[in-house]
file target-v8.txt (compact mmCIF, C-alpha atoms and all ligand atoms)
# COMPACT_ATOMS: atom_id res chain seq x y z
CA MET A 154 49.23 148.52 168.02
CA ALA A 155 50.51 151.17 170.32
CA THR A 156 52.71 149.35 172.78
CA ASN A 157 52.90 150.56 176.30
CA TYR A 158 56.48 151.70 176.90
CA TYR A 159 56.38 150.61 180.51
CA ASP A 160 55.36 147.13 179.46
CA VAL A 161 58.09 147.02 176.83
CA LEU A 162 60.73 147.63 179.48
CA GLY A 163 58.88 145.55 182.07
CA VAL A 164 58.77 148.35 184.62
CA LYS A 165 56.00 149.92 186.67
CA LYS A 166 54.50 153.26 185.89
CA ASP A 167 56.06 154.71 189.02
CA SER A 168 59.51 153.18 188.53
CA SER A 169 62.49 155.37 189.26
CA PRO A 170 64.82 156.51 186.45
CA GLU A 171 67.43 154.10 187.88
CA GLU A 172 65.07 151.15 187.64
CA ILE A 173 64.18 152.09 184.07
CA LYS A 174 67.81 152.37 183.12
CA ARG A 175 68.62 149.00 184.70
CA ALA A 176 65.71 147.32 182.94
CA TYR A 177 66.70 148.89 179.66
CA ARG A 178 70.32 147.81 179.91
CA LYS A 179 69.36 144.27 180.73
CA LEU A 180 66.92 144.00 177.83
CA ALA A 181 69.15 145.82 175.37
CA HIS A 182 71.91 143.33 176.08
CA GLN A 183 69.53 140.42 175.81
CA TYR A 184 68.04 141.41 172.46
CA HIS A 185 71.02 143.11 170.86
CA PRO A 186 71.03 142.06 167.18
CA ASP A 187 74.68 141.02 167.43
CA LYS A 188 73.81 138.37 170.02
CA ASP A 189 72.82 134.83 169.11
CA LYS A 190 69.38 135.24 170.56
CA GLY A 191 69.14 138.87 169.45
CA ASN A 192 65.97 140.26 168.03
CA GLU A 193 66.25 143.42 166.03
CA SER A 194 62.65 144.53 166.13
CA LYS A 195 62.42 143.85 169.86
CA PHE A 196 65.69 145.72 170.32
CA LYS A 197 64.33 148.73 168.48
CA GLU A 198 61.16 148.64 170.50
CA ILE A 199 63.18 148.63 173.72
CA ASN A 200 65.27 151.55 172.57
CA GLU A 201 62.27 153.50 171.50
CA ALA A 202 60.65 152.96 174.89
CA TYR A 203 63.80 153.95 176.69
CA GLN A 204 64.25 157.11 174.66
CA VAL A 205 60.96 158.30 175.96
CA LEU A 206 61.01 156.97 179.50
CA SER A 207 64.58 158.04 180.23
CA SER A 208 63.77 161.67 179.63
CA SER A 209 61.73 163.15 182.46
CA GLU A 210 60.16 165.64 180.13
CA LYS A 211 59.14 163.09 177.53
CA ARG A 212 58.04 160.65 180.13
CA GLN A 213 55.74 163.26 181.59
CA GLN A 214 54.30 163.97 178.17
CA TYR A 215 53.92 160.30 177.50
CA ASP A 216 52.14 159.75 180.80
CA GLN A 217 49.82 162.60 180.06
CA TYR A 218 49.07 162.10 176.39
CA GLY A 219 50.11 158.61 175.52
CA GLN A 220 51.81 157.63 172.34
CA THR A 221 50.45 160.18 169.92
CA PHE A 222 53.62 161.74 168.73
CA GLU A 223 56.07 161.41 166.00
CA GLN A 224 59.76 161.42 166.33
CA ALA A 225 61.66 163.53 163.92
CA GLN A 226 64.65 162.25 162.17
CA ARG A 227 67.81 162.29 164.07
CA ASN A 228 69.27 163.51 160.85
CA GLY A 229 71.04 166.82 160.81
CA SER A 230 70.02 167.58 157.24
CA GLY A 231 66.55 168.68 158.14
CA PHE A 232 67.66 171.00 160.86
CA GLY A 233 69.50 174.03 159.62
CA GLY A 234 72.36 175.53 161.52
CA ALA A 235 72.86 172.50 163.66
CA ALA A 236 76.11 171.31 162.17
CA GLY A 237 78.84 170.78 164.66
CA SER A 238 76.63 170.56 167.69
CA PRO A 239 76.59 167.07 169.11
CA PHE A 240 73.08 166.03 170.03
CA GLY A 241 70.59 168.53 171.19
CA ALA A 242 69.92 171.19 168.63
CA ASP A 243 69.88 169.15 165.46
CA PHE A 244 67.99 166.37 167.04
CA GLY A 245 64.44 167.47 166.73
CA GLY A 246 63.26 165.35 169.60
CA PHE A 247 59.78 164.40 168.71
CA ASP A 248 57.11 166.61 167.42
CA PHE A 249 54.54 166.42 170.06
CA ALA A 250 51.12 167.78 169.16
CA GLY A 251 52.71 170.51 167.18
CA GLN A 252 55.36 171.52 169.68
CA GLY A 253 58.58 170.76 167.91
CA GLY A 254 62.11 170.78 169.18
CA VAL A 255 61.74 169.10 172.52
CA ASP A 256 65.28 168.65 173.61
CA CYS A 257 66.49 165.32 174.62
CA ASP A 258 69.74 163.90 175.72
CA LEU A 259 70.51 160.75 173.84
CA GLY A 260 74.15 160.56 174.70
CA ASP A 261 73.71 157.72 177.12
CA ILE A 262 71.49 155.66 174.87
CA PHE A 263 73.61 156.11 171.84
CA SER A 264 76.77 155.18 173.57
CA ASP A 265 75.03 151.98 174.54
CA ILE A 266 73.29 151.13 171.34
CA PHE A 267 75.68 152.41 168.81
CA GLY A 268 78.79 151.07 170.40
CA GLY A 269 77.93 147.77 168.80
CA GLN A 270 76.92 149.32 165.54
CA GLN A 271 80.14 151.21 165.18
CA GLN A 272 81.95 147.97 165.60
CA ARG A 273 79.81 146.52 162.87
CA SER A 274 80.55 149.39 160.53
CA ALA A 275 84.24 148.99 161.29
CA ARG A 276 83.90 145.38 160.26
CA ARG A 277 82.12 146.43 157.10
CA ASN A 278 84.82 148.94 156.24
CA ARG A 279 87.50 146.33 156.71
CA GLY A 280 89.30 145.61 153.47
CA ILE A 281 88.08 142.57 151.62
CA ASP A 282 89.93 139.27 151.68
CA LEU A 283 91.65 138.19 148.51
CA GLU A 284 92.39 134.73 147.26
CA MET A 285 94.88 133.71 144.64
CA ALA A 286 96.52 130.52 143.48
CA ILE A 287 100.23 129.95 143.87
CA ASN A 288 102.16 127.22 142.08
CA VAL A 289 104.94 125.39 143.84
CA SER A 290 106.97 122.39 142.81
CA PHE A 291 106.71 119.08 144.60
CA GLU A 292 110.06 119.68 146.34
CA GLU A 293 109.17 123.27 147.30
CA ALA A 294 106.02 122.02 148.99
CA VAL A 295 108.02 119.47 150.98
CA PHE A 296 110.85 121.76 152.03
CA GLY A 297 109.14 125.16 151.98
CA VAL A 298 110.08 128.10 149.79
CA GLU A 299 110.13 131.88 149.69
CA LYS A 300 108.11 133.26 146.80
CA THR A 301 107.69 136.72 145.43
CA ILE A 302 104.21 137.44 144.21
CA THR A 303 102.68 140.48 142.60
CA LEU A 304 99.03 141.26 142.90
CA GLU A 305 96.78 144.12 141.96
CA LYS A 306 94.57 145.30 144.77
CA GLN A 307 93.07 148.24 146.59
CA ASP A 308 96.01 149.31 148.65
CA THR A 309 96.70 152.12 151.08
CA CYS A 310 97.10 155.48 149.34
CA LYS A 311 100.67 156.63 149.79
CA THR A 312 99.80 160.32 149.63
CA CYS A 313 97.59 160.29 152.72
CA ASN A 314 98.75 157.02 154.30
CA GLY A 315 95.19 155.77 154.18
CA SER A 316 93.59 158.55 156.21
CA GLY A 317 91.86 160.02 153.15
CA ALA A 318 92.88 163.52 154.26
CA GLU A 319 95.06 165.79 152.14
CA PRO A 320 98.48 165.94 153.83
CA GLY A 321 98.57 168.78 156.31
CA THR A 322 94.83 168.76 156.86
CA LYS A 323 92.88 167.12 159.64
CA VAL A 324 90.36 164.34 159.94
CA ILE A 325 87.30 165.75 161.64
CA THR A 326 84.20 164.35 163.33
CA CYS A 327 81.42 163.86 160.80
CA PRO A 328 79.01 166.79 161.17
CA LYS A 329 76.07 164.78 159.89
CA CYS A 330 76.12 161.94 162.42
CA HIS A 331 78.38 163.57 165.00
CA GLY A 332 80.80 160.72 164.95
CA GLN A 333 78.20 158.00 165.49
CA GLY A 334 78.43 156.66 161.97
CA GLN A 335 74.71 155.96 162.14
CA ILE A 336 71.64 158.01 161.46
CA ARG A 337 68.75 157.01 163.67
CA THR A 338 65.28 157.52 162.34
CA THR A 339 61.93 156.87 163.92
CA ARG A 340 58.94 156.77 161.61
CA ARG A 341 55.36 156.74 162.63
CA THR A 342 53.38 154.15 160.76
CA ILE A 343 49.91 152.74 161.14
CA PHE A 344 51.48 149.83 162.97
CA GLY A 345 53.21 152.02 165.47
CA ASN A 346 56.55 153.76 165.57
CA ILE A 347 59.38 152.07 163.77
CA ALA A 348 62.87 153.03 164.68
CA SER A 349 65.73 152.24 162.41
CA SER A 350 69.32 153.26 162.07
CA THR A 351 71.14 153.55 158.81
CA THR A 352 74.77 154.07 158.01
CA CYS A 353 75.64 157.74 157.70
CA ASP A 354 76.14 158.46 154.01
CA ARG A 355 78.40 161.41 154.66
CA CYS A 356 81.12 159.41 156.43
CA ASP A 357 80.10 155.88 155.34
CA GLY A 358 79.73 154.88 158.94
CA MET A 359 83.23 155.92 159.95
CA GLY A 360 82.09 158.82 162.14
CA LYS A 361 85.00 160.83 160.80
CA ILE A 362 85.63 162.58 157.53
CA PRO A 363 88.69 164.24 156.05
CA GLU A 364 88.56 168.02 156.32
CA LYS A 365 89.97 168.18 152.80
CA PRO A 366 89.94 164.94 150.77
CA CYS A 367 93.29 163.63 149.58
CA HIS A 368 93.84 164.63 145.93
CA THR A 369 95.29 161.24 145.01
CA CYS A 370 92.57 158.93 146.29
CA GLY A 371 89.67 161.35 146.56
CA GLY A 372 89.38 160.76 150.30
CA ARG A 373 88.93 157.00 150.20
CA GLY A 374 92.37 156.28 151.58
CA VAL A 375 92.84 153.44 149.11
CA LEU A 376 93.87 153.13 145.48
CA ARG A 377 94.01 150.21 143.09
CA GLN A 378 97.66 149.44 142.62
CA GLU A 379 100.17 146.68 142.14
CA LYS A 380 101.96 145.29 145.11
CA THR A 381 104.79 142.83 145.29
CA ILE A 382 105.17 140.83 148.44
CA GLN A 383 107.41 138.10 149.74
CA VAL A 384 105.58 135.07 150.99
CA SER A 385 106.93 132.18 152.90
CA ILE A 386 105.47 128.82 151.91
CA PRO A 387 105.94 126.54 154.91
CA ALA A 388 107.58 123.14 154.54
CA GLY A 389 105.01 120.37 154.39
CA ILE A 390 102.24 122.32 152.66
CA ASP A 391 99.97 120.11 150.60
CA ASN A 392 98.09 120.56 147.37
CA GLY A 393 94.90 122.61 147.80
CA GLN A 394 95.80 123.99 151.22
CA ARG A 395 95.36 127.68 151.90
CA ILE A 396 97.88 129.99 153.46
CA ARG A 397 96.61 133.13 155.14
CA ILE A 398 98.79 136.19 154.78
CA THR A 399 97.33 138.48 157.41
CA GLY A 400 96.76 142.06 156.34
CA GLU A 401 97.72 141.53 152.71
CA GLY A 402 94.17 141.62 151.37
CA GLU A 403 92.73 144.90 150.21
CA ALA A 404 93.32 147.94 152.39
CA GLY A 405 90.40 149.01 154.54
CA TYR A 406 88.37 152.13 153.90
CA ARG A 407 90.24 155.14 155.25
CA GLY A 408 92.68 153.27 157.40
CA SER A 409 90.26 150.55 158.55
CA GLN A 410 91.64 147.08 159.12
CA PRO A 411 92.92 145.50 155.90
CA GLY A 412 91.64 142.16 154.68
CA ASP A 413 93.75 139.03 154.45
CA LEU A 414 95.28 137.36 151.46
CA PHE A 415 94.66 133.64 151.02
CA LEU A 416 97.02 131.70 148.82
CA VAL A 417 95.71 128.43 147.50
CA VAL A 418 98.67 126.17 146.98
CA ASN A 419 98.94 124.24 143.75
CA VAL A 420 101.57 121.56 144.10
CA SER A 421 102.86 120.08 140.86
CA ALA A 422 103.17 116.33 140.67
CA SER A 423 106.47 114.50 140.89
CA LYS A 424 107.56 111.86 138.40
CA GLU A 425 109.20 109.84 141.07
CA PHE A 426 107.27 110.35 144.27
CA THR A 427 103.70 110.33 145.37
CA ARG A 428 102.55 111.82 148.59
CA ASP A 429 99.96 110.90 151.17
CA GLY A 430 99.99 113.54 153.87
CA ILE A 431 103.42 113.40 155.45
CA THR A 432 104.27 110.05 153.87
CA LEU A 433 106.22 109.92 150.64
CA GLN A 434 106.04 106.89 148.41
CA LYS A 435 108.06 105.66 145.50
CA GLU A 436 108.50 102.47 143.57
CA LEU A 437 111.76 100.65 143.14
CA PRO A 438 112.06 98.35 140.15
CA LEU A 439 114.21 95.28 140.85
CA SER A 440 115.24 92.53 138.54
CA PHE A 441 114.31 88.96 139.37
CA THR A 442 117.93 88.16 140.18
CA GLN A 443 118.41 91.24 142.40
CA ALA A 444 115.28 90.32 144.32
CA ALA A 445 116.26 86.69 144.61
CA LEU A 446 119.90 87.16 145.51
CA GLY A 447 119.68 90.43 147.42
CA THR A 448 121.68 93.56 146.63
CA LYS A 449 122.73 97.05 147.71
CA LEU A 450 121.37 99.92 145.64
CA MET A 451 121.63 103.70 145.60
CA VAL A 452 118.08 105.00 145.80
CA LYS A 453 117.06 108.57 145.11
CA THR A 454 115.21 110.37 147.91
CA LEU A 455 114.29 114.07 148.17
CA ASP A 456 117.32 114.46 150.43
CA GLY A 457 119.74 112.91 147.95
CA ASP A 458 120.73 109.33 147.27
CA ILE A 459 120.79 106.78 150.04
CA GLU A 460 122.10 103.25 150.04
CA LEU A 461 119.34 100.68 150.36
CA LYS A 462 120.00 97.07 151.25
CA ILE A 463 117.68 94.61 149.54
CA PRO A 464 117.68 91.28 151.38
CA ALA A 465 117.81 88.07 149.38
CA GLY A 466 114.36 86.71 148.56
CA THR A 467 112.59 90.08 148.54
CA GLN A 468 109.11 89.71 147.07
CA SER A 469 107.53 92.09 144.61
CA GLY A 470 105.23 94.47 146.55
CA THR A 471 107.46 94.49 149.64
CA ILE A 472 107.44 97.93 151.24
CA MET A 473 110.64 99.22 152.77
CA ARG A 474 110.39 102.11 155.20
CA VAL A 475 113.04 104.83 155.30
CA LYS A 476 112.55 106.80 158.51
CA SER A 477 112.23 110.60 158.39
CA LYS A 478 112.77 111.00 154.68
CA GLY A 479 109.15 111.95 154.08
CA VAL A 480 107.33 115.25 154.38
CA PRO A 481 107.60 117.53 157.43
CA HIS A 482 104.59 118.48 159.50
CA VAL A 483 103.67 122.06 158.68
CA GLY A 484 105.21 124.26 161.34
CA GLN A 485 107.56 121.50 162.56
CA PRO A 486 110.20 121.21 159.85
CA ASN A 487 112.22 118.72 161.88
CA LYS A 488 109.36 116.33 162.41
CA ARG A 489 109.14 114.38 159.20
CA GLY A 490 107.15 111.48 157.94
CA ASP A 491 108.70 108.41 156.35
CA LEU A 492 109.54 107.40 152.82
CA LEU A 493 107.96 104.13 151.77
CA ILE A 494 109.68 102.28 148.96
CA THR A 495 107.64 99.63 147.21
CA VAL A 496 109.68 96.96 145.48
CA ARG A 497 108.52 95.92 142.02
CA VAL A 498 110.15 92.86 140.60
CA ILE A 499 110.29 93.31 136.89
CA VAL A 500 110.09 90.25 134.70
CA PRO A 501 112.31 90.82 131.66
CA SER A 502 110.29 90.97 128.46
CA LYS A 503 113.22 90.52 126.14
CA LEU A 504 115.88 87.91 126.71
CA SER A 505 119.04 87.15 124.82
CA LYS A 506 119.63 83.61 123.72
CA LYS A 507 122.13 83.14 126.52
CA GLU A 508 119.81 84.57 129.17
CA LYS A 509 117.07 82.28 127.98
CA GLU A 510 119.40 79.31 128.24
CA LEU A 511 120.45 80.25 131.77
CA LEU A 512 116.88 80.73 132.92
CA LYS A 513 115.87 77.44 131.39
CA GLN A 514 118.64 75.77 133.34
CA LEU A 515 117.44 77.48 136.49
CA GLY A 516 113.93 76.29 135.87
CA GLU A 517 115.05 72.73 135.32
CA GLU A 518 117.16 72.95 138.46
CA ARG A 519 114.06 73.94 140.39
CA GLY A 520 111.96 71.23 138.74
CA GLU A 521 109.72 73.76 136.98
CA THR A 522 108.09 73.38 133.59
CA VAL A 523 109.57 76.15 131.50
CA GLU A 524 109.52 74.92 127.90
CA VAL A 525 106.96 76.75 125.80
CA ASP A 526 107.28 76.87 122.04
CA GLU A 527 107.34 80.22 120.28
CA GLY A 528 104.18 79.42 118.34
CA PHE A 529 102.20 79.31 121.62
CA TRP A 530 103.19 82.87 122.57
CA LYS A 531 102.40 84.11 119.11
CA ASN A 532 98.87 82.70 119.35
CA ILE A 533 98.32 84.21 122.78
CA LYS A 534 99.44 87.64 121.59
CA ASP A 535 97.18 87.45 118.56
CA THR A 536 94.19 86.75 120.75
CA PHE A 537 94.62 90.03 122.63
ZN ZN B 601 94.99 159.49 149.65
ZN ZN B 602 78.66 160.54 159.50
call {"tool": "encode", "arguments": {"input": "target-v8.txt", "output": "structure tokens", "more": "lines below"}}
Ligand SMILES: [Zn+2]
Ligand SMILES: [Zn+2]
result
Amino acid sequence: MATNYYDVLGVKKDSSPEEIKRAYRKLAHQYHPDKDKGNESKFKEINEAYQVLSSSEKRQQYDQYGQTFEQAQRNGSGFGGAAGSPFGADFGGFDFAGQGGVDCDLGDIFSDIFGGQQQRSARRNRGIDLEMAINVSFEEAVFGVEKTITLEKQDTCKTCNGSGAEPGTKVITCPKCHGQGQIRTTRRTIFGNIASSTTCDRCDGMGKIPEKPCHTCGGRGVLRQEKTIQVSIPAGIDNGQRIRITGEGEAGYRGSQPGDLFLVVNVSASKEFTRDGITLQKELPLSFTQAALGTKLMVKTLDGDIELKIPAGTQSGTIMRVKSKGVPHVGQPNKRGDLLITVRVIVPSKLSKKEKELLKQLGEERGETVEVDEGFWKNIKDTF
């Protein structure tokens, strides 16, 4: 299935180099694998066509002989003495009917195509993200806290500051890929020519290598080591939420962007309070008489004790709202939710003789039936 290169780029056989270049750019953008509607095989096909049609020499050969050639690897290893020469010499061009070494200038194409790929390799060399759990108390989650944590991770080598180069030596352009980070290969198969690009194994896609590798990290720029960092847990954080500490993941390969550290917050429960978002809740036990007659009580909040006025005749289950004594919104420590206090009227389970007498009197006063003999209660209890 030898594809016609002119058809691939959608140009005429007599199109000018400018028209070819324009068509190529348009299509390369359209099918770039990084795009949503990208298409890698189509992209490769376009590039292959452009490599040939953008070179007047190759185009002439193509016009004359068609697609019966094989492209040599754009891999310096096979071409002795080429190290250090960007493009040209070590790029074998394509072996055309036995005439090897047709020179070709790929600078323009590669700057176009591999711009994106270098970005991708930079992303790949970025340090990995880490995640760890951090325990905070209920109060710390509400008010925020500074914590010191120690983690073991791949961190920047202190000898070379992450460059991977022995101090005093330079970082040089990779002689194998000439700084592209990618090795482009075109293979001839029975289905046609297949172009592919692989990450350069000499520089791991960085395009640069240390002249002399750092003796501490062996040129990687990173070392597994312990690091202690201060982290600020914001007020209002809730159980299970994650905090991103930018740049505190593992260090990137040879000075590449570090990953991030994610702290998963574990908030311990409180004996006294429960929390629903920014709302705090607690229960307030009241005696029957306090609820009936009304009272003033000191009630514990996270901000200290406050005086709470219980109106006479307060029913069990009544919710009293204390403004702004709840949990702050994360990032807005002064904007706080409310504290909801639910009144629970507790019926006394044990009464003294005198208390019993008084309650009986109260019942009679209110015309209520209150007399139950002890034997009845005993029977009820036995049933359960
Ligand atoms: Zn080092
Ligand atoms: Zn390389």
call {"tool": "residues_around", "arguments": {"input": "target-v8.txt", "residues": "Ala422 (chain A)", "least_positions_apart": "6", "cutoff": "12 Å", "atoms": "only C-alpha atoms", "output": "list in words"}}
result
Asn288, Val289, Ser290, Phe291, Glu292, Glu293, Ala294, Val295, Asp391, Asn392 and Arg428 of chain A
call {"tool": "atom_distance", "arguments": {"input": "target-v8.txt", "atom1": "CA of Gln333 (chain A)", "atom2": "atom ZN of ligand ZN 602 (chain B)"}}
result
6.5 Å
call {"tool": "residues_around", "arguments": {"input": "target-v8.txt", "residues": "Lys197 (chain A)", "least_positions_apart": "3", "cutoff": "8 Å", "atoms": "all atoms listed in the file", "output": "list in words"}}
result
Glu193, Ser194, Asn200, Glu201, Ile347, Ala348 and Ser349 of chain A
call {"tool": "residues_near_ligand", "arguments": {"input": "target-v8.txt", "ligand": "ligand ZN 602 (chain B)", "cutoff": "8 Å", "atoms": "only C-alpha atoms and all ligand atoms", "output": "PyMOL selection string"}}
result
chain A and resi 326-336+352-362
call {"tool": "residues_around", "arguments": {"input": "target-v8.txt", "residues": "region 462-472 of chain A", "least_positions_apart": "3", "cutoff": "12 Å", "atoms": "all atoms listed in the file", "output": "number ranges by chain"}}
result
A: 434-452, 459, 475, 491-500
call {"tool": "closest_residue", "arguments": {"input": "target-v8.txt", "among": "A:Lys195, A:Pro411, A:Asp167, A:Pro481", "to": "Gln183 (chain A)", "atoms": "only C-alpha atoms"}}
result
A:Lys195
call {"tool": "residues_around", "arguments": {"input": "target-v8.txt", "residues": "Arg279 (chain A)", "least_positions_apart": "6", "cutoff": "10 Å", "atoms": "all atoms listed in the file", "output": "short mmCIF file (atom, residue, chain, number, x, y, z; two decimals) with C-alpha atoms, keeping the file's coordinate frame"}}
result
data_model
loop_
_atom_site.label_atom_id
_atom_site.label_comp_id
_atom_site.auth_asym_id
_atom_site.auth_seq_id
_atom_site.Cartn_x
_atom_site.Cartn_y
_atom_site.Cartn_z
CA ARG A 273 79.81 146.52 162.87
CA GLY A 402 94.17 141.62 151.37
CA GLU A 403 92.73 144.90 150.21
CA ALA A 404 93.32 147.94 152.39
CA GLY A 405 90.40 149.01 154.54
CA TYR A 406 88.37 152.13 153.90
CA ARG A 407 90.24 155.14 155.25
CA GLY A 408 92.68 153.27 157.40
CA SER A 409 90.26 150.55 158.55
CA GLN A 410 91.64 147.08 159.12
CA PRO A 411 92.92 145.50 155.90
CA GLY A 412 91.64 142.16 154.68
CA ASP A 413 93.75 139.03 154.45
#
call {"tool": "closest_residue", "arguments": {"input": "target-v8.txt", "among": "A:Ser350, A:Gln213, A:Asn278, A:Thr369", "to": "ligand ZN 601 (chain B)", "atoms": "all atoms listed in the file"}}
result
A:Thr369
call {"tool": "atom_distance", "arguments": {"input": "target-v8.txt", "atom1": "CA of Glu517 (chain A)", "atom2": "CA of Ser505 (chain A)"}}
result
18.3 Å
call {"tool": "residues_near_ligand", "arguments": {"input": "target-v8.txt", "ligand": "ligand ZN 601 (chain B)", "cutoff": "7 Å", "atoms": "only C-alpha atoms and all ligand atoms", "output": "PDB file with C-alpha atoms, in the frame of the given file"}}
result
ATOM      1  CA  CYS A 310      97.100 155.480 149.340  1.00  0.00           C
ATOM      2  CA  LYS A 311     100.670 156.630 149.790  1.00  0.00           C
ATOM      3  CA  THR A 312      99.800 160.320 149.630  1.00  0.00           C
ATOM      4  CA  CYS A 313      97.590 160.290 152.720  1.00  0.00           C
ATOM      5  CA  ASN A 314      98.750 157.020 154.300  1.00  0.00           C
ATOM      6  CA  GLY A 315      95.190 155.770 154.180  1.00  0.00           C
ATOM      7  CA  SER A 316      93.590 158.550 156.210  1.00  0.00           C
ATOM      8  CA  GLY A 317      91.860 160.020 153.150  1.00  0.00           C
ATOM      9  CA  ALA A 318      92.880 163.520 154.260  1.00  0.00           C
ATOM     10  CA  GLU A 319      95.060 165.790 152.140  1.00  0.00           C
ATOM     11  CA  CYS A 367      93.290 163.630 149.580  1.00  0.00           C
ATOM     12  CA  HIS A 368      93.840 164.630 145.930  1.00  0.00           C
ATOM     13  CA  THR A 369      95.290 161.240 145.010  1.00  0.00           C
ATOM     14  CA  CYS A 370      92.570 158.930 146.290  1.00  0.00           C
ATOM     15  CA  GLY A 371      89.670 161.350 146.560  1.00  0.00           C
ATOM     16  CA  GLY A 372      89.380 160.760 150.300  1.00  0.00           C
ATOM     17  CA  ARG A 373      88.930 157.000 150.200  1.00  0.00           C
ATOM     18  CA  GLY A 374      92.370 156.280 151.580  1.00  0.00           C
ATOM     19  CA  VAL A 375      92.840 153.440 149.110  1.00  0.00           C
TER      20      VAL A 375
END
call {"tool": "residues_near_point", "arguments": {"input": "target-v8.txt", "point": "(113.7, 119.4, 160.5)", "cutoff": "12 Å", "atoms": "all atoms listed in the file", "output": "list in words"}}
result
Val295, Phe296, Gly297, Pro387, Ala388, Gly389, Asp456, Ser477, Lys478, Gly479, Val480, Pro481, His482, Val483, Gly484, Gln485, Pro486, Asn487, Lys488, Arg489 and Gly490 of chain A
call {"tool": "atom_distance", "arguments": {"input": "target-v8.txt", "atom1": "CA of Val164 (chain A)", "atom2": "CA of Ser207 (chain A)"}}
result
12.1 Å
call {"tool": "closest_residue", "arguments": {"input": "target-v8.txt", "among": "A:Gln514, A:Gln204, A:Asn419, A:Asn157", "to": "Tyr177 (chain A)", "atoms": "all atoms listed in the file"}}
result
A:Gln204
